[in-house]
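**Q** Below you will find the structure I want to go over with you.
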Amino acid sequence: REAKLLAQLEYPGIVKGFGVARAGEVYFSKMEVVEGRTLLEVLEDGEPLDEGAALSIILTVSEVLAYMAGEGLVHRDVKPGNIMWTEQEEVKVIDLGFAASAGEASAADSAVGTAEYLSPEQARGGAAADLRSDIYSLGATLFHLVIGRLPFEGSDNEEVLRKQVMDSLSSPELKGRGLSPHLHYFIEKMMAKDAEVRHQSWDALIADI
């Protein structure tokens, strides 16, 4: 399903798929080669990004996700590990394995995505695919890029999911590293617990940035 979806999408910021093939009993997807690292690999190498670079990446990813929304799709697993930074410093969104049509609901007792970046409504389980959840995940990604750690951490996924739902965002680093009030505003708004407080469209977020 993911391979067929990638073959249908035509956008420079999405890794290109060329369909599905078979060799004997093995099925495989054919994909564009992207030379570079994921943003998670950049962070794991101890390289938090400066504010300008981080916002430039977030803006580009927002444009990619706006394109997907125009195709009726929500990514549902936005995180640094699914964003590649090429050797030419281009951004490519990868891994559409959790992508769904807007409004498509997950099972009532399941949360779709990666715990550390899930919106509160996703963390509760059973949430419909909603671009505002992707906006939350992108806000958590922005936080990770500039601070160098996750906004909510725990000993296991269950504790992280509880914090996503219950705990307020707290980061003394946002105030103490010379980061602009604008960046603080973006993170607070994108990661608002209430989806109605976040940007309501990708166009609104793009215009804001």
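Residue numbering restarts at 1 for every chain of the structure tokens, chains are lettered A, B, ... in their displayed order, and ligands are numbered from 1 as they appear.
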Sorted by chain and rising residue number, which residues of stretch 63-129 of chain A lie within 12 Å of stretch 3-13 of chain A, and what are their closest atom pairs and distances in Å to one decimal, counting only C-alpha atoms, as a tab-separated table?
**A**
residue	atom	partner	partner_atom	distance
A:Glu63	CA	A:Gly13	CA	8.3
A:Val64	CA	A:Gly13	CA	5.8
A:Leu65	CA	A:Gly13	CA	9.2
A:Ala66	CA	A:Tyr11	CA	10.9
A:Tyr67	CA	A:Tyr11	CA	7.7
A:Met68	CA	A:Leu9	CA	8.2
A:Ala69	CA	A:Leu9	CA	11.6
A:Gly70	CA	A:Leu9	CA	11.0
A:Glu71	CA	A:Leu9	CA	8.5
A:Gly72	CA	A:Leu9	CA	11.5
A:Leu73	CA	A:Leu5	CA	10.1
A:His75	CA	A:Leu5	CA	11.5
A:Asn82	CA	A:Gly13	CA	11.9
A:Ile83	CA	A:Gly13	CA	9.5
A:Met84	CA	A:Gly13	CA	9.5
A:Trp85	CA	A:Gly13	CA	10.4
A:Thr86	CA	A:Gly13	CA	10.8
A:Glu89	CA	A:Gly13	CA	11.7
A:Glu90	CA	A:Gly13	CA	8.0
A:Val91	CA	A:Gly13	CA	6.0
A:Lys92	CA	A:Gly13	CA	4.6
A:Val93	CA	A:Gly13	CA	6.0
A:Ile94	CA	A:Gly13	CA	8.9
A:Asp95	CA	A:Leu6	CA	9.2
A:Leu96	CA	A:Leu6	CA	7.7
A:Gly97	CA	A:Ala3	CA	8.8
A:Phe98	CA	A:Leu5	CA	11.2
A:Ala99	CA	A:Leu5	CA	9.0
A:Ala100	CA	A:Leu5	CA	10.2
A:Ser101	CA	A:Leu5	CA	11.3
**Q** Please list as number ranges by chain every residue within 6 Å of stretch 184-194 of chain A, counting only C-alpha atoms and excluding residues in the same chain fewer than 5 positions away.
**A** A: 135-136, 139
**Q** Set the distance at 8 Å and use only C-alpha atoms: which residues neighbour A:Met31 once local chain neighbours fewer than 6 positions away are removed? I'd like the list as a ChimeraX atom specification.
**A** /A:15-19
**Q** Mind pulling up the distance from atom CA of A:Ile57 to atom CA of A:Ser137?
**A**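 So the two atoms, atom CA of A:Ser137 and atom CA of A:Ile57, lie 13.9 Å apart.
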**Q** Give me every alpha helix (DSSP H) residue in stretch 14-179 of chain A, going by DSSP on the backbone, as number ranges by chain.
**A** A: 39-44, 51-70, 120-124, 131-147, 157-166, 172-176
**Q** Which residue gives the smallest distance to A:Gly52 among A:Leu205, A:Leu179, A:Ala129, A:Leu39, with only C-alpha atoms counted?
**A** A:Leu179
**Q** Can you tell me, as a VMD selection string, what residues are no more than 12 Å from A:Glu173 when counting only C-alpha atoms, ignoring any on the same chain fewer than 4 positions away?
**A** chain A and resid 143 to 144 146 to 151 169 177 to 180 183 to 184
